[in-house]
file data10.cif (mmCIF, C-alpha atoms)
data_my_file
#
loop_
_atom_site.label_atom_id
_atom_site.label_comp_id
_atom_site.auth_asym_id
_atom_site.auth_seq_id
_atom_site.Cartn_x
_atom_site.Cartn_y
_atom_site.Cartn_z
CA MET E 1 -4.18 -17.93 22.06
CA ARG E 2 -1.85 -17.65 19.11
CA THR E 3 -3.44 -15.91 16.20
CA LEU E 4 -2.67 -15.08 12.63
CA ALA E 5 -4.99 -13.74 9.96
CA VAL E 6 -4.55 -13.11 6.29
CA GLN E 7 -6.58 -10.78 4.14
CA THR E 8 -5.78 -10.05 0.53
CA THR E 9 -5.19 -6.77 -1.24
CA PHE E 10 -5.61 -7.33 -4.96
CA GLY E 11 -3.42 -5.18 -7.18
CA SER E 12 -1.76 -3.07 -4.50
CA GLY E 13 1.65 -2.37 -5.99
CA ARG E 14 4.31 -0.09 -4.59
CA ARG E 15 7.29 2.09 -5.40
CA ALA E 16 6.24 2.90 -8.94
CA ILE E 17 5.98 6.63 -8.26
CA SER E 18 7.89 9.27 -6.37
CA LEU E 19 5.67 9.87 -3.37
CA LYS E 20 7.41 13.07 -2.37
CA SER E 21 6.66 14.72 -5.70
CA LEU E 22 2.93 14.10 -5.36
CA PHE E 23 2.50 16.43 -2.44
CA THR E 24 4.41 19.47 -3.68
CA PRO E 25 1.76 22.14 -4.25
CA SER E 26 1.79 24.16 -7.43
CA PRO E 27 -0.33 27.10 -8.59
CA PRO E 28 -3.21 26.29 -10.99
CA SER E 29 -1.92 27.84 -14.18
CA ASP E 30 0.02 26.92 -17.29
CA MET E 31 3.21 27.97 -15.53
CA VAL E 32 4.52 26.72 -12.19
CA HIS E 33 7.30 27.97 -9.94
CA GLY E 34 10.35 25.76 -9.63
CA SER E 35 12.47 25.41 -6.52
CA SER E 36 14.64 28.30 -7.70
CA GLY E 37 11.63 30.62 -7.92
CA LYS E 38 11.70 30.68 -11.73
CA LYS E 39 8.59 29.80 -13.71
CA GLN E 40 8.55 26.53 -15.62
CA ARG E 41 6.09 25.11 -18.12
CA ILE E 42 3.54 22.41 -17.30
CA LEU E 43 4.98 19.32 -18.98
CA VAL E 44 1.80 17.47 -19.94
CA GLN E 45 -1.66 18.83 -20.63
CA PRO E 46 -4.73 16.96 -19.26
CA HIS E 47 -6.04 16.26 -22.79
CA ASP E 48 -2.67 14.87 -23.97
CA LEU E 49 -1.52 12.44 -21.29
CA PHE E 50 -0.53 9.49 -23.49
CA HIS E 51 3.07 9.38 -24.71
CA PRO E 52 5.35 6.50 -25.71
CA LEU E 53 7.88 6.22 -22.90
CA SER E 54 10.87 6.83 -25.18
CA LYS E 55 9.30 10.09 -26.44
CA SER E 56 7.80 11.30 -23.18
CA PRO E 57 8.26 14.97 -22.25
CA VAL E 58 8.87 13.75 -18.69
CA LYS E 59 12.47 12.71 -18.00
CA GLU E 60 11.50 10.11 -15.36
CA MET E 61 9.23 8.34 -17.83
CA ARG E 62 11.96 8.18 -20.49
CA GLU E 63 14.30 6.73 -17.87
CA LYS E 64 11.66 4.18 -16.88
CA GLY E 65 11.33 3.05 -20.48
CA ALA E 66 15.10 2.67 -20.76
CA LEU E 67 15.17 0.56 -17.58
CA ILE E 68 12.47 -1.74 -18.94
CA GLN E 69 14.41 -2.16 -22.19
CA GLN E 70 17.61 -2.88 -20.25
CA HIS E 71 16.27 -5.23 -17.58
CA GLY E 72 12.98 -6.54 -19.00
CA CYS E 73 12.23 -9.34 -21.41
CA CYS E 74 9.98 -9.85 -24.41
CA THR E 75 6.74 -11.43 -23.19
CA THR E 76 6.54 -13.59 -26.33
CA CYS E 77 10.14 -14.77 -26.05
CA VAL E 78 9.67 -16.08 -22.51
CA THR E 79 7.14 -18.60 -23.87
CA GLU E 80 9.75 -19.93 -26.29
CA THR E 81 12.88 -21.95 -25.59
CA THR E 82 16.37 -21.84 -27.01
CA ALA E 83 18.26 -24.78 -28.53
CA MET E 84 19.60 -25.46 -25.01
CA GLY E 85 16.06 -25.86 -23.68
CA LYS E 86 16.11 -22.64 -21.68
CA PRO E 87 13.59 -19.77 -21.94
CA ALA E 88 14.54 -17.18 -24.52
CA THR E 89 15.23 -13.76 -23.04
CA ARG E 90 15.39 -10.97 -25.60
CA GLU E 91 15.18 -7.34 -24.53
CA PRO E 92 11.88 -5.53 -25.20
CA THR E 93 13.16 -2.91 -27.62
CA PHE E 94 9.83 -2.53 -29.48
CA GLU E 95 7.31 -0.11 -27.97
CA CYS E 96 3.66 -1.08 -28.22
CA PRO E 97 1.98 1.78 -30.15
CA ASP E 98 -1.21 1.32 -28.11
CA CYS E 99 0.19 1.48 -24.56
CA GLY E 100 3.57 3.18 -25.11
CA TYR E 101 5.55 0.62 -23.08
CA PRO E 102 8.48 -1.40 -24.50
CA THR E 103 6.88 -4.83 -24.43
CA HIS E 104 8.41 -7.00 -27.17
CA CYS E 105 11.61 -7.58 -29.08
CA SER E 106 10.02 -7.04 -32.50
CA PRO E 107 6.76 -6.06 -34.24
CA THR E 108 6.30 -9.72 -35.18
CA HIS E 109 6.32 -10.90 -31.59
CA TRP E 110 4.07 -7.99 -30.62
CA LYS E 111 1.47 -9.07 -33.19
CA GLN E 112 1.68 -12.71 -32.04
CA ASP E 113 1.04 -11.89 -28.38
CA THR E 114 -2.75 -12.13 -28.12
CA THR E 115 -2.58 -12.11 -24.30
CA HIS E 116 -0.97 -8.68 -24.41
CA HIS E 117 -3.63 -7.28 -26.74
CA ASP E 118 -6.58 -8.86 -24.93
CA GLU E 119 -5.61 -8.55 -21.27
CA LEU E 120 -2.61 -6.30 -20.63
CA CYS E 121 -2.42 -3.47 -23.13
CA GLY E 122 -5.39 -1.49 -21.80
CA HIS E 123 -4.05 -1.57 -18.24
CA LEU E 124 -0.60 -0.46 -19.40
CA ARG E 125 -2.07 2.47 -21.32
CA GLU E 126 -4.03 3.47 -18.22
CA ALA E 127 -0.81 3.29 -16.18
CA ASN E 128 1.00 5.35 -18.83
CA GLU E 129 -1.57 8.14 -18.63
CA ASP E 130 -1.73 8.00 -14.82
CA GLU E 131 2.05 8.31 -14.49
CA HIS E 132 2.16 11.24 -16.89
CA ASP E 133 -0.69 12.93 -15.04
CA LEU E 134 1.14 12.64 -11.72
CA ARG E 135 4.22 14.26 -13.24
CA SER E 136 2.42 16.78 -15.44
CA GLY E 137 3.06 19.76 -13.17
CA ARG E 138 -0.63 20.44 -12.56
CA THR E 139 -1.99 21.13 -9.10
CA LEU E 140 -2.98 17.73 -7.67
CA ARG E 141 -6.06 18.87 -5.80
CA GLU E 142 -7.20 15.31 -5.15
CA PHE E 143 -4.45 15.16 -2.52
CA GLU E 144 -6.03 17.95 -0.49
CA PHE E 145 -7.49 15.70 2.20
CA PRO E 146 -10.12 16.52 4.84
CA SER E 147 -9.22 16.96 8.49
CA ALA E 148 -10.92 15.47 11.56
CA GLN E 149 -14.43 14.09 11.24
CA LEU E 150 -17.32 15.74 13.07
CA PRO E 151 -18.51 13.45 15.91
CA GLU E 152 -22.08 13.33 14.63
CA ILE E 153 -21.05 12.08 11.16
CA VAL E 154 -20.56 8.31 10.88
CA VAL E 155 -17.88 6.96 8.55
CA ASN E 156 -18.96 4.22 6.18
CA LEU E 157 -16.16 1.67 5.63
CA SER E 158 -17.86 -0.67 3.18
CA SER E 159 -15.95 0.56 0.11
CA TRP E 160 -13.74 3.33 -1.25
CA ASP E 161 -16.75 5.21 -2.61
CA SER E 162 -18.66 5.21 0.66
CA PHE E 163 -15.56 6.01 2.71
CA LEU E 164 -14.52 8.97 0.57
CA TYR E 165 -18.08 10.31 0.49
CA THR E 166 -18.70 10.09 4.25
CA ARG E 167 -15.22 11.50 4.95
CA SER E 168 -15.88 14.48 2.62
CA PHE E 169 -13.11 13.95 0.07
CA THR E 170 -14.59 16.60 -2.22
CA ASN E 171 -11.76 16.88 -4.77
CA ILE E 172 -11.94 13.35 -6.18
CA ASN E 173 -13.99 13.76 -9.33
CA SER E 174 -12.61 11.12 -11.71
CA ASN E 175 -11.53 7.49 -11.79
CA ARG E 176 -7.95 8.64 -12.31
CA ALA E 177 -8.06 10.78 -9.17
CA MET E 178 -9.52 7.80 -7.31
CA ARG E 179 -6.61 5.63 -8.43
CA HIS E 180 -4.08 8.26 -7.36
CA VAL E 181 -5.59 8.62 -3.89
CA SER E 182 -6.18 4.91 -3.26
CA LYS E 183 -2.52 4.24 -4.08
CA VAL E 184 -1.31 6.19 -1.06
CA LEU E 185 -4.26 5.77 1.32
CA THR E 186 -4.51 1.98 1.02
CA TYR E 187 -2.13 1.55 3.97
CA PRO E 188 -3.63 3.87 6.64
CA VAL E 189 -7.23 3.17 5.61
CA THR E 190 -6.76 -0.61 5.56
CA ILE E 191 -5.41 -0.43 9.11
CA GLY E 192 -8.27 1.83 10.19
CA SER E 193 -10.91 -0.36 8.53
CA VAL E 194 -9.75 -3.36 10.58
CA LEU E 195 -9.71 -1.54 13.92
CA HIS E 196 -12.78 0.69 13.55
CA GLN E 197 -15.99 -0.20 15.38
CA PHE E 198 -17.82 -0.18 12.03
CA SER E 199 -15.27 -2.41 10.33
CA PRO E 200 -16.48 -4.25 7.21
CA PHE E 201 -14.86 -7.41 8.56
CA VAL E 202 -17.54 -9.09 10.67
CA LEU E 203 -18.68 -12.65 11.39
CA SER E 204 -20.91 -12.68 8.32
CA SER E 205 -18.06 -11.62 6.00
CA GLY E 206 -15.02 -13.68 6.93
CA LEU E 207 -14.25 -12.87 10.56
CA THR E 208 -13.86 -16.07 12.58
CA PRO E 209 -14.90 -16.56 16.25
CA GLU E 210 -11.22 -16.34 17.21
CA GLY E 211 -10.97 -13.16 15.19
CA LEU E 212 -13.96 -11.69 17.01
CA LYS E 213 -12.21 -12.34 20.33
CA SER E 214 -9.04 -10.58 19.18
CA MET E 215 -10.91 -7.60 17.72
CA THR E 216 -13.04 -7.29 20.85
CA ALA E 217 -9.87 -6.96 22.92
CA LEU E 218 -8.51 -4.18 20.71
CA ARG E 219 -11.84 -2.34 20.52
CA THR E 220 -12.17 -2.52 24.30
CA THR E 221 -9.02 -0.41 24.50
CA ILE E 222 -10.36 1.97 21.84
CA LYS E 223 -13.61 2.29 23.83
CA GLU E 224 -11.62 3.13 26.96
CA HIS E 225 -9.91 5.88 24.99
CA ASP E 226 -13.34 7.24 24.03
CA LEU E 227 -14.46 7.24 27.67
CA ALA E 228 -11.26 8.96 28.75
CA ARG E 229 -12.38 12.15 27.00
CA SER E 230 -14.47 13.04 30.04
CA GLU E 231 -12.75 11.00 32.76
CA LYS E 232 -9.46 12.53 33.89
CA GLU E 233 -8.43 9.45 35.84
CA LEU E 234 -8.90 7.25 32.80
CA ALA E 235 -7.05 9.75 30.63
CA MET E 236 -4.00 9.51 32.87
CA GLN E 237 -4.00 5.71 32.73
CA GLN E 238 -4.64 5.10 29.02
CA MET E 239 -2.06 3.17 27.02
CA PRO E 240 -1.47 3.98 23.34
CA LEU E 241 -2.62 1.66 20.61
CA ARG E 242 0.53 0.22 19.02
CA VAL E 243 0.34 -0.65 15.33
CA PHE E 244 3.35 -2.56 13.98
CA VAL E 245 3.93 -2.58 10.21
CA LEU E 246 6.44 -5.35 9.49
CA GLY E 247 8.52 -5.56 6.33
CA ALA E 248 7.78 -1.86 5.82
CA ARG E 249 8.84 -0.38 2.50
CA ALA E 250 6.55 2.03 0.63
CA GLU E 251 4.40 2.29 3.78
CA ALA E 252 7.28 3.95 5.63
CA MET E 253 8.09 6.30 2.75
CA LEU E 254 4.70 7.99 2.69
CA PRO E 255 4.61 11.60 3.87
CA PRO E 256 3.86 11.35 7.61
CA HIS E 257 0.74 13.53 7.42
CA LEU E 258 -1.04 10.86 5.36
CA TYR E 259 -1.30 8.71 8.49
CA LEU E 260 -3.51 11.39 10.01
CA GLN E 261 -6.29 9.68 8.05
CA LEU E 262 -5.78 6.69 10.37
CA ALA E 263 -5.83 8.95 13.40
CA TYR E 264 -9.09 10.57 12.24
CA LEU E 265 -10.73 7.14 12.15
CA LEU E 266 -9.73 6.63 15.80
CA PRO E 267 -10.14 10.23 17.01
CA ASN E 268 -9.76 9.61 20.74
CA SER E 269 -7.01 6.99 20.66
CA PRO E 270 -3.31 7.75 20.96
CA VAL E 271 -1.78 5.73 18.12
CA HIS E 272 1.89 4.79 17.78
CA VAL E 273 2.81 3.28 14.40
CA TYR E 274 6.05 1.26 14.29
CA PHE E 275 7.56 0.65 10.86
CA VAL E 276 9.94 -2.29 11.11
CA GLY E 277 12.04 -3.88 8.38
CA PRO E 278 15.48 -3.89 6.71
CA GLU E 279 14.16 -1.59 3.95
CA CYS E 280 12.34 0.75 6.33
CA ILE E 281 13.22 4.27 5.22
CA PRO E 282 11.24 7.40 6.17
CA ALA E 283 10.25 9.98 3.58
CA ALA E 284 13.26 11.53 1.85
CA ASP E 285 12.97 14.81 3.77
CA GLU E 286 12.77 13.07 7.16
CA ALA E 287 15.96 11.84 8.85
CA ARG E 288 14.42 11.23 12.28
CA SER E 289 13.61 7.79 13.71
CA THR E 290 10.57 9.20 15.54
CA ILE E 291 8.11 11.68 14.05
CA VAL E 292 5.38 13.25 16.19
CA VAL E 293 2.68 13.98 13.62
CA SER E 294 0.08 15.18 16.13
CA SER E 295 -0.71 14.97 19.83
CA ARG E 296 -2.26 11.54 19.23
CA LEU E 297 -0.15 10.16 16.37
CA VAL E 298 3.51 9.13 16.53
CA LEU E 299 5.46 7.32 13.80
CA LYS E 300 8.57 5.29 14.69
CA TYR E 301 11.06 3.76 12.24
CA HIS E 302 13.23 0.69 12.99
CA LYS E 303 15.52 -0.47 10.18
CA SER E 304 15.92 -4.09 11.27
CA TYR E 305 14.20 -7.46 11.26
CA PHE E 306 11.40 -7.81 13.79
CA HIS E 307 12.81 -11.04 15.24
CA ASP E 308 16.12 -9.26 15.87
CA ALA E 309 14.56 -6.10 17.34
CA ILE E 310 11.70 -7.70 19.27
CA TRP E 311 13.09 -6.79 22.68
CA ASN E 312 12.89 -3.12 21.76
CA PHE E 313 9.10 -3.49 21.76
CA ALA E 314 8.38 -6.13 24.42
CA PRO E 315 6.21 -6.80 26.37
CA PHE E 316 3.20 -7.22 24.10
CA ASP E 317 -0.48 -7.00 24.96
CA PRO E 318 -3.31 -8.29 22.70
CA TYR E 319 -5.46 -5.42 24.01
CA THR E 320 -3.13 -2.70 22.72
CA ASP E 321 -0.87 -4.24 20.06
CA VAL E 322 -1.71 -5.31 16.49
CA PHE E 323 0.49 -6.27 13.53
CA PHE E 324 0.14 -5.64 9.80
CA MET E 325 2.20 -6.98 6.90
CA PHE E 326 1.49 -5.43 3.50
CA SER E 327 2.25 -7.88 0.69
CA PRO E 328 5.13 -9.55 2.58
CA GLY E 329 5.65 -12.39 0.11
CA ILE E 330 5.80 -15.04 2.83
CA GLY E 331 5.12 -17.74 0.26
CA HIS E 332 7.81 -16.65 -2.21
CA PRO E 333 10.56 -19.32 -2.35
CA ARG E 334 13.34 -16.79 -1.77
CA ALA E 335 11.57 -14.85 1.00
CA ARG E 336 10.00 -17.77 2.87
CA PRO E 337 13.06 -18.77 4.96
CA GLY E 338 13.63 -15.14 5.98
CA TRP E 339 10.05 -14.72 7.21
CA GLN E 340 9.96 -17.90 9.30
CA PRO E 341 11.81 -16.53 12.38
CA THR E 342 9.64 -13.40 12.30
CA VAL E 343 6.40 -15.38 12.15
CA GLU E 344 7.61 -17.57 15.01
CA LYS E 345 8.14 -14.48 17.18
CA LEU E 346 4.80 -13.05 16.08
CA LEU E 347 2.97 -16.15 17.30
CA GLU E 348 4.67 -15.81 20.67
CA THR E 349 3.20 -12.33 21.15
CA LYS E 350 -0.37 -13.75 21.04
CA CYS E 351 -1.44 -10.55 19.26
CA ALA E 352 -3.56 -10.22 16.13
CA VAL E 353 -1.72 -10.19 12.80
CA PHE E 354 -3.19 -9.12 9.45
CA ALA E 355 -1.48 -9.51 6.07
CA THR E 356 -2.30 -8.53 2.50
CA GLY E 357 -1.19 -9.79 -0.89
CA PHE E 358 -0.47 -8.13 -4.23
CA HIS E 359 -3.09 -10.32 -5.92
CA GLU E 360 -5.00 -13.55 -5.38
CA ARG E 361 -2.17 -15.83 -6.53
CA ASP E 362 0.24 -14.07 -4.17
CA MET E 363 -2.25 -14.41 -1.32
CA GLN E 364 -2.79 -18.10 -1.97
CA ALA E 365 0.98 -18.72 -1.90
CA ASP E 366 1.24 -16.97 1.49
CA VAL E 367 -1.70 -18.91 2.91
CA ARG E 368 -0.23 -22.21 1.71
CA ALA E 369 3.19 -21.41 3.22
CA LEU E 370 1.67 -20.41 6.57
CA ARG E 371 -0.45 -23.55 6.75
CA GLU E 372 2.51 -25.76 5.90
CA ASP E 373 4.95 -24.08 8.30
CA PHE E 374 2.71 -23.01 11.21
CA GLY E 375 -0.66 -24.65 10.71
CA ASP E 376 -0.73 -26.28 14.17
CA LYS E 377 0.42 -23.14 15.99
CA MET E 378 -2.03 -20.50 14.83
CA ASP E 379 -5.71 -19.63 14.55
CA TRP E 380 -7.22 -17.81 11.56
CA LEU E 381 -8.82 -14.53 12.51
CA LEU E 382 -10.06 -13.60 9.06
CA GLU E 383 -10.66 -15.91 6.12
CA PRO E 384 -8.73 -14.81 3.01
CA ARG E 385 -10.87 -12.34 1.08
CA GLU E 386 -10.63 -9.19 -1.03
CA ASN E 387 -9.62 -6.03 0.77
CA PRO E 388 -12.20 -3.27 0.03
CA PHE E 389 -9.41 -0.71 0.46
CA SER E 390 -6.83 -2.17 -1.87
CA SER E 391 -5.09 0.19 -4.24
CA LEU E 392 -7.07 0.74 -7.43
CA LYS E 393 -3.89 1.55 -9.31
CA ARG E 394 -2.17 -1.27 -11.17
CA ASP E 395 1.62 -1.30 -11.01
CA PHE E 396 3.95 -3.27 -13.25
CA GLY E 397 7.40 -4.69 -12.62
CA ILE E 398 10.39 -3.47 -14.58
CA ARG E 399 11.59 -7.01 -15.34
CA ASN E 400 8.24 -8.47 -16.34
CA LEU E 401 5.29 -6.26 -17.26
CA ARG E 402 2.94 -9.20 -16.72
#

call {"tool": "encode", "arguments": {"input": "data10.cif", "output": "structure tokens"}}
result
Amino acid sequence: MRTLAVQTTFGSGRRAISLKSLFTPSPPSDMVHGSSGKKQRILVQPHDLFHPLSKSPVKEMREKGALIQQHGCCTTCVTETTAMGKPATREPTFECPDCGYPTHCSPTHWKQDTTHHDELCGHLREANEDEHDLRSGRTLREFEFPSAQLPEIVVNLSSWDSFLYTRSFTNINSNRAMRHVSKVLTYPVTIGSVLHQFSPFVLSSGLTPEGLKSMTALRTTIKEHDLARSEKELAMQQMPLRVFVLGARAEAMLPPHLYLQLAYLLPNSPVHVYFVGPECIPAADEARSTIVVSSRLVLKYHKSYFHDAIWNFAPFDPYTDVFFMFSPGIGHPRARPGWQPTVEKLLETKCAVFATGFHERDMQADVRALREDFGDKMDWLLEPRENPFSSLKRDFGIRNLR
């Protein structure tokens, strides 16, 4: 049985923030200690988070604004054409006074852009304040995550709110903190929500009969891991659950300890996570290709295409192996040919595959490309639907803020 499933993650952007900087603890005061041991001032106060990018007290934000001005384009100009019939492309040198981002080439074009005022500006201002908050120098207590779950407490995976409550995330007390945390936990929690026995993806909410068969195989292995707690013979024979993340980018750059949240959802299963892709780079302070996070969690990094490195991982078993692709862009015209050999090899493994999209349009393009290229070779495990554990933080491209 050859299987492929697609689920969508609306609004899950990546690489807009420095992940390493988020997890550097700092004392809760108006002064923080730098790497040299000297005290330095908190850059942004909680009541004063909004700043135009060009006037930001944070160097990284000023640099971001300069990059947008250099590589972006006026969102009003792109709707116009030049005398040659081509789209006009003027640099966005004018900063919107409401969101602080350089969005247009002039005040006139800014006033004309009703779409910006009605649909985009509020989200950009929210992103402005979020980015300044992350770099403010304050102690980010929302990133102090809970450890293993008590066996008698059941995790609710129906939504972010229910998950965070039943997992005792006690330091998330605002929508902004929720956005910060969902940005980094969307990857491990999405994986866990698919594999967990109380997964929100069931027959009544998008899971197909073929999907039920594939998930039953994987959960049979997880159940064997649970039984092996008290059976020594089973414990000696158990095989790890192998989770492959293909086209890995931001997923591989997360601090390794964040994936403990996946391990806590599968407390008795040995889990090996394989990050595979040409842009697969571990966190900046990790140079190893294998990181043992705990006795039951191992992260492995392979900087190559899956179809080139497949023999490093073979053989495959639908009972122990599962694949995830986070916003791969399979349907993008430039990426589509590059993904075709990988998808062909994926179908040969006969293992379950789950994919997400940045937004609904992105998801629909991927679904269309898969149906056109491999429609007669695959079964859908999960009908395209919204991922309850998508990132709540909106990210915007440097070249086009829309």

call {"tool": "atom_distance", "arguments": {"input": "data10.cif", "atom1": "atom CA of E:Met61", "atom2": "atom CA of E:Glu131"}}
result
7.9 Å

call {"tool": "resolve_selection", "arguments": {"input": "data10.cif", "expression": "the PyMOL selection byres ((chain E and resi 243) around 6)", "output": "list in words"}}
result
Arg242, Phe244, Val273, Val322 and Phe323 of chain E

call {"tool": "write_last_selection", "arguments": {"input": "data10.cif", "atoms": "C-alpha atoms", "output": "PDB file, in the frame of the given file"}}
result
ATOM      1  CA  ARG E 242       0.530   0.220  19.020  1.00  0.00           C
ATOM      2  CA  PHE E 244       3.350  -2.560  13.980  1.00  0.00           C
ATOM      3  CA  VAL E 273       2.810   3.280  14.400  1.00  0.00           C
ATOM      4  CA  VAL E 322      -1.710  -5.310  16.490  1.00  0.00           C
ATOM      5  CA  PHE E 323       0.490  -6.270  13.530  1.00  0.00           C
TER       6      PHE E 323
END

call {"tool": "resolve_selection", "arguments": {"input": "data10.cif", "expression": "the PyMOL selection byres ((chain E and resi 389) around 12)", "output": "ChimeraX atom specification"}}
result
/E:7-12,157-164,178-179,181-194,199-201,356,385-388,390-393

call {"tool": "closest_residue", "arguments": {"input": "data10.cif", "among": "E:Ile68, E:Met378, E:Leu246, E:Cys73", "to": "E:Gly100", "atoms": "only C-alpha atoms"}}
result
E:Ile68

call {"tool": "resolve_selection", "arguments": {"input": "data10.cif", "expression": "the PyMOL selection byres ((chain E and resi 223-231) around 12)", "output": "ChimeraX atom specification"}}
result
/E:151,195-197,215-222,232-241,266-271,296,319-320

call {"tool": "atom_distance", "arguments": {"input": "data10.cif", "atom1": "atom CA of E:Leu254", "atom2": "atom CA of E:Ser304"}}
result
18.6 Å

call {"tool": "build_atoms", "arguments": {"input": "data10.cif", "residues": "stretch 179-186 of chain E", "atoms": "all heavy atoms", "output": "tab-separated table (two decimals), in the frame of the given file"}}
result
chain	number	residue	atom	x	y	z
E	179	ARG	N	-7.78	6.52	-8.41
E	179	ARG	CA	-6.61	5.63	-8.43
E	179	ARG	C	-5.41	6.28	-7.74
E	179	ARG	O	-4.69	5.63	-6.98
E	179	ARG	CB	-6.24	5.26	-9.88
E	179	ARG	CG	-7.27	4.36	-10.55
E	179	ARG	CD	-6.71	3.77	-11.84
E	179	ARG	NE	-6.47	4.78	-12.87
E	179	ARG	CZ	-7.37	5.19	-13.75
E	179	ARG	NH1	-8.60	4.69	-13.71
E	179	ARG	NH2	-7.05	6.08	-14.67
E	180	HIS	N	-5.19	7.56	-8.01
E	180	HIS	CA	-4.08	8.26	-7.36
E	180	HIS	C	-4.21	8.21	-5.84
E	180	HIS	O	-3.25	7.90	-5.13
E	180	HIS	CB	-4.04	9.74	-7.81
E	180	HIS	CG	-3.68	9.94	-9.24
E	180	HIS	ND1	-3.03	9.01	-10.00
E	180	HIS	CD2	-3.90	11.02	-10.06
E	180	HIS	CE1	-2.84	9.48	-11.22
E	180	HIS	NE2	-3.36	10.70	-11.28
E	181	VAL	N	-5.39	8.52	-5.34
E	181	VAL	CA	-5.59	8.62	-3.89
E	181	VAL	C	-5.55	7.24	-3.23
E	181	VAL	O	-4.94	7.06	-2.18
E	181	VAL	CB	-6.92	9.33	-3.59
E	181	VAL	CG1	-7.28	9.23	-2.11
E	181	VAL	CG2	-6.83	10.79	-4.01
E	182	SER	N	-6.17	6.25	-3.86
E	182	SER	CA	-6.18	4.91	-3.26
E	182	SER	C	-4.77	4.33	-3.17
E	182	SER	O	-4.48	3.54	-2.28
E	182	SER	CB	-7.08	3.97	-4.07
E	182	SER	OG	-6.52	3.67	-5.34
E	183	LYS	N	-3.90	4.73	-4.09
E	183	LYS	CA	-2.52	4.24	-4.08
E	183	LYS	C	-1.82	4.57	-2.78
E	183	LYS	O	-1.10	3.74	-2.22
E	183	LYS	CB	-1.76	4.87	-5.26
E	183	LYS	CG	-0.26	4.70	-5.23
E	183	LYS	CD	0.17	3.31	-5.54
E	183	LYS	CE	1.70	3.20	-5.57
E	183	LYS	NZ	2.14	1.83	-5.87
E	184	VAL	N	-2.02	5.77	-2.26
E	184	VAL	CA	-1.31	6.19	-1.06
E	184	VAL	C	-2.11	5.97	0.22
E	184	VAL	O	-1.54	5.82	1.31
E	184	VAL	CB	-0.87	7.67	-1.15
E	184	VAL	CG1	0.15	7.84	-2.26
E	184	VAL	CG2	-2.06	8.59	-1.37
E	185	LEU	N	-3.44	5.94	0.11
E	185	LEU	CA	-4.26	5.77	1.32
E	185	LEU	C	-4.57	4.31	1.63
E	185	LEU	O	-5.15	4.03	2.68
E	185	LEU	CB	-5.58	6.54	1.18
E	185	LEU	CG	-5.50	8.06	1.32
E	185	LEU	CD1	-6.90	8.66	1.37
E	185	LEU	CD2	-4.71	8.47	2.57
E	186	THR	N	-4.20	3.38	0.75
E	186	THR	CA	-4.51	1.98	1.02
E	186	THR	C	-3.93	1.50	2.34
E	186	THR	O	-4.57	0.72	3.05
E	186	THR	CB	-4.02	1.08	-0.14
E	186	THR	OG1	-4.37	-0.28	0.15
E	186	THR	CG2	-2.52	1.18	-0.34
